[in-house]
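J.: Okay, so here is model.cif, and as you'll see once you scroll down, it has mmCIF, C-alpha atoms and all ligand atoms.
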data_structure
loop_
_atom_site.label_atom_id
_atom_site.label_comp_id
_atom_site.auth_asym_id
_atom_site.auth_seq_id
_atom_site.Cartn_x
_atom_site.Cartn_y
_atom_site.Cartn_z
CA MET P 1 -20.89 5.38 5.63
CA SER P 2 -23.03 2.99 3.66
CA VAL P 3 -22.31 1.09 0.48
CA SER P 4 -24.85 3.22 -1.38
CA GLY P 5 -23.55 4.22 -4.81
CA LYS P 6 -20.48 2.00 -4.50
CA LYS P 7 -19.46 -0.21 -7.40
CA ILE P 8 -19.12 -3.77 -6.18
CA LEU P 9 -17.62 -6.40 -8.45
CA ILE P 10 -18.40 -9.91 -7.24
CA ALA P 11 -16.27 -12.66 -8.76
CA VAL P 12 -17.77 -16.11 -8.25
CA SER P 13 -15.66 -19.24 -8.61
CA GLY P 14 -16.74 -22.87 -8.76
CA GLY P 15 -17.65 -24.01 -5.27
CA ILE P 16 -20.94 -25.12 -3.76
CA ALA P 17 -20.98 -21.99 -1.59
CA ALA P 18 -21.76 -20.06 -4.79
CA TYR P 19 -25.45 -20.53 -3.96
CA LYS P 20 -25.01 -18.08 -1.04
CA ILE P 21 -23.93 -15.31 -3.42
CA HIS P 22 -27.54 -14.59 -4.29
CA PHE P 23 -28.08 -13.34 -0.74
CA LEU P 24 -24.92 -11.24 -0.88
CA ILE P 25 -25.97 -9.58 -4.14
CA ARG P 26 -29.44 -8.92 -2.72
CA ASP P 27 -27.94 -7.25 0.38
CA PHE P 28 -25.72 -4.93 -1.68
CA VAL P 29 -28.47 -4.02 -4.15
CA LYS P 30 -30.92 -3.36 -1.31
CA LYS P 31 -28.47 -0.88 0.20
CA GLY P 32 -28.12 1.01 -3.07
CA ALA P 33 -24.83 -0.42 -4.35
CA GLU P 34 -24.22 -1.20 -8.01
CA VAL P 35 -23.28 -4.86 -8.40
CA GLN P 36 -21.52 -6.47 -11.34
CA VAL P 37 -21.09 -10.24 -11.22
CA ILE P 38 -18.45 -12.16 -13.13
CA MET P 39 -17.79 -15.86 -12.78
CA THR P 40 -15.32 -18.55 -13.71
CA PRO P 41 -16.54 -21.07 -16.30
CA ASP P 42 -16.72 -23.74 -13.56
CA ALA P 43 -18.97 -21.59 -11.36
CA GLU P 44 -21.70 -22.05 -13.97
CA HIS P 45 -22.05 -25.66 -12.80
CA PHE P 46 -23.24 -24.38 -9.42
CA VAL P 47 -25.32 -21.28 -10.15
CA THR P 48 -26.89 -19.81 -13.25
CA LYS P 49 -26.11 -16.50 -14.88
CA LEU P 50 -29.84 -15.89 -15.09
CA SER P 51 -30.42 -15.98 -11.33
CA LEU P 52 -27.33 -13.84 -10.62
CA SER P 53 -28.16 -11.27 -13.28
CA THR P 54 -31.81 -11.09 -12.17
CA LEU P 55 -30.64 -10.07 -8.70
CA SER P 56 -27.77 -7.81 -9.79
CA LYS P 57 -29.81 -6.25 -12.62
CA LYS P 58 -26.81 -6.51 -14.95
CA PRO P 59 -25.57 -9.13 -17.39
CA VAL P 60 -23.20 -11.67 -15.84
CA TYR P 61 -19.96 -12.49 -17.67
CA SER P 62 -17.78 -15.58 -17.59
CA GLU P 63 -16.03 -15.49 -20.97
CA PHE P 64 -13.84 -12.92 -22.71
CA TYR P 65 -16.20 -12.96 -25.68
CA ARG P 66 -19.97 -12.80 -26.00
CA ASP P 67 -21.99 -14.88 -28.46
CA ASN P 68 -22.37 -11.86 -30.75
CA GLY P 69 -18.58 -11.55 -31.08
CA THR P 70 -18.19 -8.53 -28.77
CA TRP P 71 -15.61 -8.38 -26.03
CA ASN P 72 -16.09 -8.37 -22.23
CA SER P 73 -13.31 -5.97 -21.33
CA HIS P 74 -11.59 -7.20 -18.18
CA VAL P 75 -9.65 -3.92 -18.02
CA GLU P 76 -12.82 -1.84 -17.97
CA LEU P 77 -14.46 -4.13 -15.41
CA GLY P 78 -11.38 -4.03 -13.20
CA LEU P 79 -11.10 -0.25 -13.30
CA TRP P 80 -14.85 0.24 -12.84
CA ALA P 81 -14.93 -1.49 -9.45
CA ASP P 82 -14.58 0.30 -6.09
CA VAL P 83 -13.99 -3.14 -4.55
CA ILE P 84 -13.70 -6.70 -5.79
CA ILE P 85 -15.09 -9.57 -3.73
CA VAL P 86 -13.94 -13.02 -4.77
CA ALA P 87 -16.58 -15.29 -3.21
CA PRO P 88 -16.54 -18.18 -3.02
CA CYS P 89 -12.81 -18.27 -3.70
CA THR P 90 -11.78 -21.85 -4.40
CA ALA P 91 -8.25 -23.19 -3.84
CA ASN P 92 -7.81 -23.13 -7.61
CA THR P 93 -8.90 -19.51 -8.10
CA LEU P 94 -6.86 -18.39 -5.08
CA SER P 95 -3.79 -20.06 -6.51
CA LYS P 96 -4.33 -18.49 -9.93
CA MET P 97 -4.75 -15.02 -8.39
CA ILE P 98 -1.55 -15.33 -6.40
CA HIS P 99 0.57 -16.73 -9.20
CA GLY P 100 -0.86 -14.70 -12.06
CA MET P 101 -2.34 -17.69 -13.96
CA CYS P 102 -4.46 -15.48 -16.11
CA ASP P 103 -6.56 -18.02 -18.02
CA ASN P 104 -10.10 -16.75 -17.40
CA LEU P 105 -12.08 -13.52 -17.17
CA VAL P 106 -12.10 -13.48 -13.34
CA ILE P 107 -8.30 -13.56 -13.06
CA ALA P 108 -7.79 -11.09 -15.92
CA THR P 109 -10.24 -8.67 -14.27
CA TYR P 110 -8.61 -9.14 -10.87
CA MET P 111 -5.18 -8.42 -12.35
CA SER P 112 -6.43 -5.29 -14.14
CA ALA P 113 -8.02 -3.83 -11.02
CA LYS P 114 -6.54 -1.14 -8.78
CA CYS P 115 -9.13 -1.33 -6.02
CA PRO P 116 -9.16 -3.26 -2.72
CA VAL P 117 -9.78 -6.99 -3.06
CA PHE P 118 -11.74 -9.11 -0.57
CA ILE P 119 -11.33 -12.87 -0.62
CA ALA P 120 -13.86 -15.26 0.95
CA PRO P 121 -12.27 -18.70 0.62
CA ALA P 122 -14.40 -21.82 0.55
CA MET P 123 -13.10 -25.37 0.34
CA ASP P 124 -13.01 -28.67 2.15
CA LEU P 125 -11.26 -28.67 5.52
CA ASP P 126 -8.08 -30.51 4.46
CA MET P 127 -7.70 -28.24 1.47
CA TYR P 128 -8.12 -25.20 3.72
CA VAL P 129 -5.28 -26.21 6.04
CA HIS P 130 -3.02 -27.47 3.25
CA PRO P 131 0.32 -25.62 3.28
CA SER P 132 -0.25 -24.39 -0.26
CA THR P 133 -3.57 -22.74 0.68
CA LYS P 134 -2.09 -21.29 3.85
CA ARG P 135 0.84 -19.89 1.90
CA ASN P 136 -1.40 -18.47 -0.82
CA LEU P 137 -3.60 -16.77 1.77
CA GLU P 138 -0.50 -15.26 3.41
CA LEU P 139 0.69 -14.04 0.03
CA ALA P 140 -2.75 -12.59 -0.68
CA GLU P 141 -2.49 -10.69 2.58
CA SER P 142 0.98 -9.48 1.69
CA PHE P 143 -0.54 -8.07 -1.56
CA GLY P 144 -2.81 -6.04 0.71
CA HIS P 145 -5.94 -8.13 0.05
CA ILE P 146 -8.47 -8.58 2.82
CA ILE P 147 -9.20 -12.19 3.73
CA ILE P 148 -12.63 -13.02 5.14
CA PRO P 149 -11.76 -16.35 6.76
CA ALA P 150 -13.77 -19.49 6.17
CA GLU P 151 -15.97 -20.57 9.05
CA ASN P 152 -16.29 -23.82 10.97
CA GLY P 153 -19.20 -26.15 10.36
CA GLU P 154 -20.56 -28.90 8.21
CA LEU P 155 -19.07 -29.02 4.73
CA ALA P 156 -20.51 -30.27 1.45
CA SER P 157 -18.36 -33.41 1.79
CA GLY P 158 -20.16 -34.27 5.03
CA LEU P 159 -16.99 -33.58 7.01
CA VAL P 160 -17.06 -31.00 9.77
CA GLY P 161 -14.37 -28.34 10.12
CA GLN P 162 -13.12 -24.97 8.83
CA GLY P 163 -13.73 -24.34 5.17
CA ARG P 164 -17.31 -23.06 4.87
CA MET P 165 -17.45 -19.72 3.14
CA ALA P 166 -18.23 -16.88 5.54
CA GLU P 167 -21.94 -16.06 5.64
CA PRO P 168 -23.12 -13.36 3.18
CA GLU P 169 -23.91 -11.14 6.16
CA THR P 170 -20.29 -11.36 7.38
CA ILE P 171 -18.95 -10.58 3.91
CA PHE P 172 -21.35 -7.65 3.55
CA ASN P 173 -20.41 -6.24 6.99
CA THR P 174 -16.66 -6.54 6.27
CA VAL P 175 -17.02 -4.55 3.06
CA GLU P 176 -19.36 -1.99 4.61
CA ASN P 177 -16.92 -1.48 7.51
CA TYR P 178 -14.13 -0.99 5.02
CA PHE P 179 -16.03 1.88 3.39
CA THR P 180 -16.80 3.40 6.77
CA ASP P 181 -13.13 3.27 7.84
CA ASN P 182 -11.96 4.76 4.55
CA ALA P 183 -14.49 7.51 4.28
CA SER P 184 -11.83 10.17 4.83
CA ALA P 185 -12.50 13.35 2.92
CA LYS P 186 -10.46 13.92 -0.22
CA THR P 187 -8.61 16.78 1.41
CA LEU P 188 -5.54 16.46 -0.81
CA GLU P 189 -7.43 16.14 -4.09
CA GLY P 190 -5.54 17.85 -6.92
CA LYS P 191 -2.23 17.88 -5.01
CA THR P 192 0.89 15.96 -5.97
CA VAL P 193 2.89 14.65 -3.02
CA LEU P 194 6.41 13.29 -3.33
CA ILE P 195 7.72 11.15 -0.47
CA THR P 196 11.19 9.69 0.03
CA ALA P 197 11.40 6.58 2.19
CA GLY P 198 13.64 3.81 3.45
CA PRO P 199 17.41 3.60 3.71
CA THR P 200 19.92 4.04 0.91
CA TYR P 201 22.60 1.47 0.18
CA GLU P 202 26.00 2.76 -0.88
CA ALA P 203 28.05 0.16 -2.72
CA ILE P 204 31.53 -0.76 -1.48
CA ASP P 205 32.05 -3.53 -4.04
CA PRO P 206 29.67 -5.72 -6.08
CA VAL P 207 28.42 -7.55 -2.95
CA ARG P 208 28.78 -5.12 -0.04
CA PHE P 209 27.28 -1.80 0.88
CA ILE P 210 26.96 0.78 3.64
CA GLY P 211 23.37 1.05 4.78
CA ASN P 212 21.17 1.56 7.83
CA HIS P 213 18.25 -0.03 9.66
CA SER P 214 15.48 2.20 8.32
CA SER P 215 12.43 0.04 7.48
CA GLY P 216 10.65 2.55 5.26
CA LYS P 217 7.42 2.09 7.27
CA MET P 218 6.89 5.79 8.00
CA GLY P 219 7.20 6.80 4.36
CA PHE P 220 4.94 3.98 3.14
CA SER P 221 2.27 4.91 5.74
CA LEU P 222 2.47 8.54 4.62
CA ALA P 223 2.12 7.51 0.99
CA GLU P 224 -0.96 5.36 1.66
CA GLU P 225 -2.60 8.07 3.77
CA ALA P 226 -1.91 10.87 1.26
CA SER P 227 -3.34 8.71 -1.52
CA LYS P 228 -6.43 7.96 0.58
CA ARG P 229 -6.93 11.72 0.84
CA GLY P 230 -7.00 12.00 -2.93
CA ALA P 231 -3.42 13.13 -3.64
CA LYS P 232 -1.35 11.86 -6.53
CA VAL P 233 1.51 10.21 -4.67
CA ILE P 234 5.05 9.58 -5.91
CA LEU P 235 6.93 7.37 -3.47
CA ILE P 236 10.69 7.11 -3.96
CA SER P 237 12.03 4.37 -1.76
CA GLY P 238 15.42 2.91 -1.05
CA PRO P 239 15.66 -0.85 -0.41
CA SER P 240 12.72 -1.77 1.83
CA SER P 241 10.53 -4.83 2.29
CA GLN P 242 7.38 -2.73 2.78
CA THR P 243 4.50 -3.32 0.40
CA LEU P 244 1.70 -1.00 -0.72
CA THR P 245 -2.00 -1.74 -0.44
CA ASP P 246 -2.96 1.24 -2.56
CA LYS P 247 -2.11 0.61 -6.17
CA ASN P 248 -2.57 4.29 -7.04
CA VAL P 249 0.68 5.19 -5.30
CA GLU P 250 3.45 5.49 -7.89
CA LEU P 251 6.42 3.61 -6.42
CA HIS P 252 9.97 4.17 -7.67
CA LYS P 253 12.64 1.95 -6.18
CA VAL P 254 16.18 3.27 -5.94
CA THR P 255 19.32 2.04 -4.20
CA SER P 256 21.78 4.85 -3.53
CA ALA P 257 21.45 8.48 -2.44
CA LYS P 258 22.58 9.67 -5.86
CA GLU P 259 19.85 7.62 -7.53
CA MET P 260 17.29 8.97 -5.06
CA LEU P 261 18.37 12.54 -5.78
CA ALA P 262 18.09 12.01 -9.54
CA LYS P 263 14.64 10.42 -9.19
CA VAL P 264 13.36 13.22 -6.94
CA PHE P 265 14.38 15.84 -9.48
CA GLU P 266 12.59 14.04 -12.30
CA PHE P 267 9.38 15.14 -10.55
CA TYR P 268 10.34 18.10 -8.38
CA ASP P 269 8.94 20.92 -10.55
CA LYS P 270 5.48 19.34 -10.62
CA ILE P 271 4.96 18.52 -6.95
CA ASP P 272 3.04 20.55 -4.36
CA ILE P 273 4.31 18.81 -1.24
CA GLY P 274 7.65 17.07 -0.63
CA ILE P 275 8.12 14.86 2.43
CA ALA P 276 11.62 13.49 3.04
CA SER P 277 11.32 10.54 5.39
CA ALA P 278 14.21 8.60 3.88
CA ALA P 279 17.22 7.79 6.05
CA VAL P 280 19.77 8.75 3.42
CA ALA P 281 23.33 7.57 4.04
CA ASP P 282 25.43 10.64 4.73
CA TYR P 283 28.55 9.19 3.16
CA ALA P 284 29.34 6.81 0.33
CA PRO P 285 32.58 5.03 -0.62
CA LYS P 286 34.68 7.27 -2.85
CA ASP P 287 35.49 4.42 -5.24
CA VAL P 288 33.39 1.31 -5.73
CA ALA P 289 35.64 -1.73 -6.20
CA LYS P 290 34.88 -3.53 -9.45
CA GLU P 291 35.61 -6.95 -7.94
CA LYS P 292 34.77 -8.31 -4.48
CA ILE P 293 37.39 -7.01 -2.03
CA LYS P 294 39.55 -9.87 -0.70
CA LYS P 295 40.33 -10.16 2.98
CA ASN P 296 44.10 -10.03 2.52
CA ASP P 297 45.16 -7.34 4.99
CA GLU P 298 44.61 -6.94 8.72
CA ASN P 299 43.10 -3.53 8.23
CA LEU P 300 40.96 -2.14 5.49
CA THR P 301 40.35 1.54 4.98
CA ILE P 302 37.49 2.74 2.86
CA GLU P 303 37.53 6.40 1.97
CA LEU P 304 34.08 7.93 2.18
CA VAL P 305 32.80 11.06 0.55
CA LYS P 306 29.76 13.07 1.47
CA ASN P 307 26.52 12.19 -0.28
CA PRO P 308 24.31 14.89 -1.73
CA ASP P 309 21.78 16.18 0.80
CA ILE P 310 18.60 15.53 -1.16
CA LEU P 311 16.29 17.56 1.04
CA LYS P 312 18.70 20.49 1.26
CA THR P 313 18.90 20.53 -2.53
CA MET P 314 15.09 20.50 -2.67
CA GLY P 315 15.08 23.43 -0.25
CA GLU P 316 17.58 25.39 -2.38
CA LYS P 317 15.52 24.86 -5.52
CA LYS P 318 12.17 25.53 -3.85
CA THR P 319 9.74 27.65 -5.86
CA HIS P 320 6.25 26.78 -4.61
CA GLN P 321 6.71 23.38 -2.93
CA PHE P 322 5.78 22.82 0.73
CA LEU P 323 8.71 20.89 2.19
CA VAL P 324 8.67 18.57 5.20
CA GLY P 325 11.82 17.07 6.69
CA PHE P 326 12.45 14.52 9.41
CA ALA P 327 15.04 14.72 12.14
CA LEU P 328 16.19 11.80 14.24
CA GLU P 329 18.28 13.23 17.03
CA THR P 330 19.97 11.88 20.13
CA GLN P 331 21.00 15.18 21.72
CA ASN P 332 19.88 18.83 21.67
CA GLU P 333 16.94 17.48 19.78
CA GLU P 334 14.73 20.53 19.47
CA GLU P 335 17.57 22.93 18.67
CA ASN P 336 18.98 20.60 16.04
CA ALA P 337 15.57 20.04 14.48
CA LYS P 338 14.86 23.77 14.33
CA GLY P 339 18.36 24.34 12.91
CA LYS P 340 17.59 21.93 10.07
CA LEU P 341 14.30 23.67 9.38
CA GLU P 342 16.29 26.87 8.68
CA LYS P 343 19.33 25.35 7.02
CA LYS P 344 17.38 23.20 4.58
CA ASN P 345 14.78 25.89 3.88
CA LEU P 346 11.88 23.71 5.07
CA ASP P 347 8.30 24.60 5.96
CA MET P 348 7.98 21.94 8.60
CA ILE P 349 10.12 19.37 10.40
CA VAL P 350 9.10 16.20 12.20
CA LEU P 351 11.33 15.27 15.11
CA ASN P 352 11.51 11.77 16.43
CA SER P 353 13.79 11.19 19.30
CA LEU P 354 15.72 7.98 19.75
CA ARG P 355 15.28 8.52 23.48
CA ASP P 356 11.58 7.78 23.32
CA GLU P 357 10.81 4.11 23.61
CA GLY P 358 8.87 2.91 20.56
CA ALA P 359 9.97 5.83 18.39
CA GLY P 360 12.24 5.79 15.40
CA PHE P 361 13.59 3.45 12.82
CA LYS P 362 12.40 -0.12 12.91
CA ASN P 363 9.36 0.15 15.17
CA ASP P 364 5.72 0.08 14.11
CA THR P 365 5.13 3.04 16.39
CA ASN P 366 6.52 6.55 16.53
CA LYS P 367 6.41 9.54 18.86
CA ILE P 368 6.86 12.87 17.17
CA LYS P 369 7.08 16.59 17.65
CA ILE P 370 6.36 18.93 14.76
CA PHE P 371 7.99 22.33 14.29
CA THR P 372 7.31 25.10 11.84
CA LYS P 373 8.97 28.50 12.11
CA ALA P 374 6.07 29.66 14.26
CA GLU P 375 4.69 26.57 15.95
CA LYS P 376 5.53 23.49 17.99
CA ARG P 377 3.23 20.50 18.59
CA GLU P 378 3.85 17.32 20.59
CA PHE P 379 2.08 14.05 19.89
CA ASP P 380 1.65 10.80 21.83
CA LEU P 381 3.18 7.45 20.93
CA LYS P 382 1.06 6.06 18.07
CA SER P 383 1.14 3.55 15.24
CA LYS P 384 2.98 4.86 12.19
CA ASP P 385 -0.33 4.85 10.29
CA ASP P 386 -1.80 7.24 12.88
CA VAL P 387 1.38 9.32 12.92
CA ALA P 388 1.00 9.68 9.14
CA LYS P 389 -2.51 11.06 9.72
CA ASP P 390 -1.20 13.60 12.27
CA ILE P 391 1.57 14.73 9.92
CA LEU P 392 -0.79 15.18 6.97
CA ASN P 393 -3.41 16.95 9.13
CA PHE P 394 -0.68 19.37 10.14
CA VAL P 395 0.47 19.87 6.54
CA GLU P 396 -3.12 20.52 5.44
CA ALA P 397 -3.61 23.06 8.23
CA GLN P 398 -0.43 24.88 7.12
CA LEU P 399 -1.53 24.97 3.50
CA LEU P 400 -4.77 26.66 4.53
CA LYS P 401 -2.93 29.47 6.34
O1 LIG R 501 20.66 16.32 8.23
P1 LIG R 501 19.84 15.12 8.55
O2 LIG R 501 20.31 13.87 7.86
O3 LIG R 501 19.58 14.88 10.00
O4 LIG R 501 18.42 15.51 7.96
C1 LIG R 501 17.36 14.65 7.99
C2 LIG R 501 16.39 15.04 6.91
O5 LIG R 501 17.06 15.31 5.68
C3 LIG R 501 15.44 13.91 6.58
O6 LIG R 501 14.22 14.49 6.17
C4 LIG R 501 16.12 13.19 5.44
O7 LIG R 501 15.21 12.49 4.63
C5 LIG R 501 16.79 14.33 4.69
N1 LIG R 501 18.08 13.97 4.07
C6 LIG R 501 18.19 13.93 2.70
N2 LIG R 501 19.41 13.65 2.12
C7 LIG R 501 20.50 13.42 2.88
C8 LIG R 501 20.39 13.46 4.26
C9 LIG R 501 19.17 13.73 4.83
O8 LIG R 501 17.20 14.14 2.00
N3 LIG R 501 21.65 13.14 2.30
#
Take the structure in the file and write it out as structure tokens.
T.:
Amino acid sequence: MSVSGKKILIAVSGGIAAYKIHFLIRDFVKKGAEVQVIMTPDAEHFVTKLSLSTLSKKPVYSEFYRDNGTWNSHVELGLWADVIIVAPCTANTLSKMIHGMCDNLVIATYMSAKCPVFIAPAMDLDMYVHPSTKRNLELAESFGHIIIPAENGELASGLVGQGRMAEPETIFNTVENYFTDNASAKTLEGKTVLITAGPTYEAIDPVRFIGNHSSGKMGFSLAEEASKRGAKVILISGPSSQTLTDKNVELHKVTSAKEMLAKVFEFYDKIDIGIASAAVADYAPKDVAKEKIKKNDENLTIELVKNPDILKTMGEKKTHQFLVGFALETQNEEENAKGKLEKKNLDMIVLNSLRDEGAGFKNDTNKIKIFTKAEKREFDLKSKDDVAKDILNFVEAQLLK
């Protein structure tokens, strides 16, 4: 997969490494990509708009307004891009991106964009290892951005160390590899997929709850993969620390099973595929104490009542939706999983056994078996991202039948 036809937005900030951007633009243009350059006002001290626009064959913008009074729409630029490359990314621009200091066209465009963001930092060595830079780079990664680390070598200050912006060739290859890895066919284009994920928390009093150890990883991986395949994805998640790379996924955060049920049924009529990977608490306290419960007595009894079974309700109200459930079993695994397929009126169930090392709740890996009424398939232990691919491949194959 080449970068041909891709829309590359290069955001240049004010560092001496800006001179290398000419080579990067030339590489992308040569390979048939469309390049739009924007820059921070300070970057103009290092390189000229004229040289950058000559190579990119497009006007270069650094201000919200042009001389003739027209507007450089950061929203349009942000939505136009297939990827954004911030290079060189100075400590200042990095900090503004992370903290939402939206005082120039580069940051406003970055904040309007939904596409992947690549960051090629460039700064002097002490700035690069400063805790604030390290923290900001970690936060950038947690936003799902791809960091192209600075390289070691001689710096503009004359000092030698890490801080030189990665070579244009390295930046180009990183972006090209990204397109190659993400060249999956849009096999779910036109479909709406609803996914439940994470645990639910059932309040006991204002500070306590009944919950479980589900991380939400499986559901988030499924959401990212379905979106990559072109689906419109609605992800309804209980409390989870997972983050999304793909900004097209519509995330709805809920806390309790009742909230999750209500949220699911806001969308249920319009979805094509429903995947219930949430570990919903089976019971919730009958009454939620208004004040924090004091530890006065030796024993405390909390009466629990059954929560709604969200997936079963989806099964009962099924008209056209393809429904996928999960089963986490410790005994009579296959029988129980197949039982749930029937009882909840599902089209497919994914079984993960707690007996398999690496499978289940908190791990990054999972080992699954898939059952439909007619079929059974076993898979190896894999990362949850790869398990998500297997599950969606299976769903797609069923839809074609
Ligand atoms: O019956 P069990 O809890 O084992 O079923 C697991 C499947 O049902 C999972 O797909 C889970 O997301 C879903 N479920 C649900 N609402 C519940 C309990 C389970 O949607 N209250």
J.: Residues within 12 Å of P:Tyr178, please, as a JSON list (two decimals) with C-alpha atoms, in the coordinates of the input. Count all atoms listed in the file; anything in the same chain fewer than 5 positions from it doesn't count.
T.:
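So the final result, stored in part.json, reads:
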[["chain", "number", "residue", "atom", "x", "y", "z"],
["P", 1, "MET", "CA", -20.89, 5.38, 5.63],
["P", 2, "SER", "CA", -23.03, 2.99, 3.66],
["P", 3, "VAL", "CA", -22.31, 1.09, 0.48],
["P", 6, "LYS", "CA", -20.48, 2.00, -4.50],
["P", 82, "ASP", "CA", -14.58, 0.30, -6.09],
["P", 83, "VAL", "CA", -13.99, -3.14, -4.55],
["P", 116, "PRO", "CA", -9.16, -3.26, -2.72],
["P", 117, "VAL", "CA", -9.78, -6.99, -3.06],
["P", 118, "PHE", "CA", -11.74, -9.11, -0.57],
["P", 145, "HIS", "CA", -5.94, -8.13, 0.05],
["P", 146, "ILE", "CA", -8.47, -8.58, 2.82],
["P", 171, "ILE", "CA", -18.95, -10.58, 3.91],
["P", 172, "PHE", "CA", -21.35, -7.65, 3.55],
["P", 173, "ASN", "CA", -20.41, -6.24, 6.99],
["P", 183, "ALA", "CA", -14.49, 7.51, 4.28],
["P", 184, "SER", "CA", -11.83, 10.17, 4.83]]
J.: Could you please determine the separation between atom CA of P:Cys102 and atom CA of P:Phe143 in Å, to one decimal place?
T.: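 For atom CA of P:Cys102 relative to atom CA of P:Phe143, the distance reads 16.8 Å.
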J.: Grab me every residue within 7 Å of ligand LIG 501 (chain R), counting only C-alpha atoms and all ligand atoms, and send it over as a ChimeraX atom specification.
T.: /P:196,257,276-282,307-312,324-328,340
J.: With 8 Å added on each side, what axis-aligned box encloses every listed atom of stretch 318-322 of chain P? Give the centre and edge lengths in Å to one decimal, as JSON.
T.:
{"center_x": 9.0, "center_y": 25.2, "center_z": -2.6, "size_x": 22.4, "size_y": 20.8, "size_z": 22.6}
J.: Neighbouring residues of P:Thr319 were defined as those with any atom within 9 Å, considering all atoms listed in the file; residues of the same chain fewer than 3 positions away were excluded. Please report them as a list in words.
T.: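 Here the answer would be Asp269, Gly315 and Glu316 of chain P.
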J.: Please dump the current selection as an mmCIF file, in the frame of the given file; keep C-alpha atoms.
T.:
data_model
loop_
_atom_site.group_PDB
_atom_site.id
_atom_site.type_symbol
_atom_site.label_atom_id
_atom_site.label_comp_id
_atom_site.auth_asym_id
_atom_site.auth_seq_id
_atom_site.Cartn_x
_atom_site.Cartn_y
_atom_site.Cartn_z
ATOM 1 C CA ASP P 269 8.940 20.920 -10.550
ATOM 2 C CA GLY P 315 15.080 23.430 -0.250
ATOM 3 C CA GLU P 316 17.580 25.390 -2.380
#
J.: Skip P:Val75 itself and residues of its chain fewer than 4 positions away, then list as an NGL selection string all residues within 7 Å of it, counting all atoms listed in the file.
T.: :P and (79 or 109 or 112)
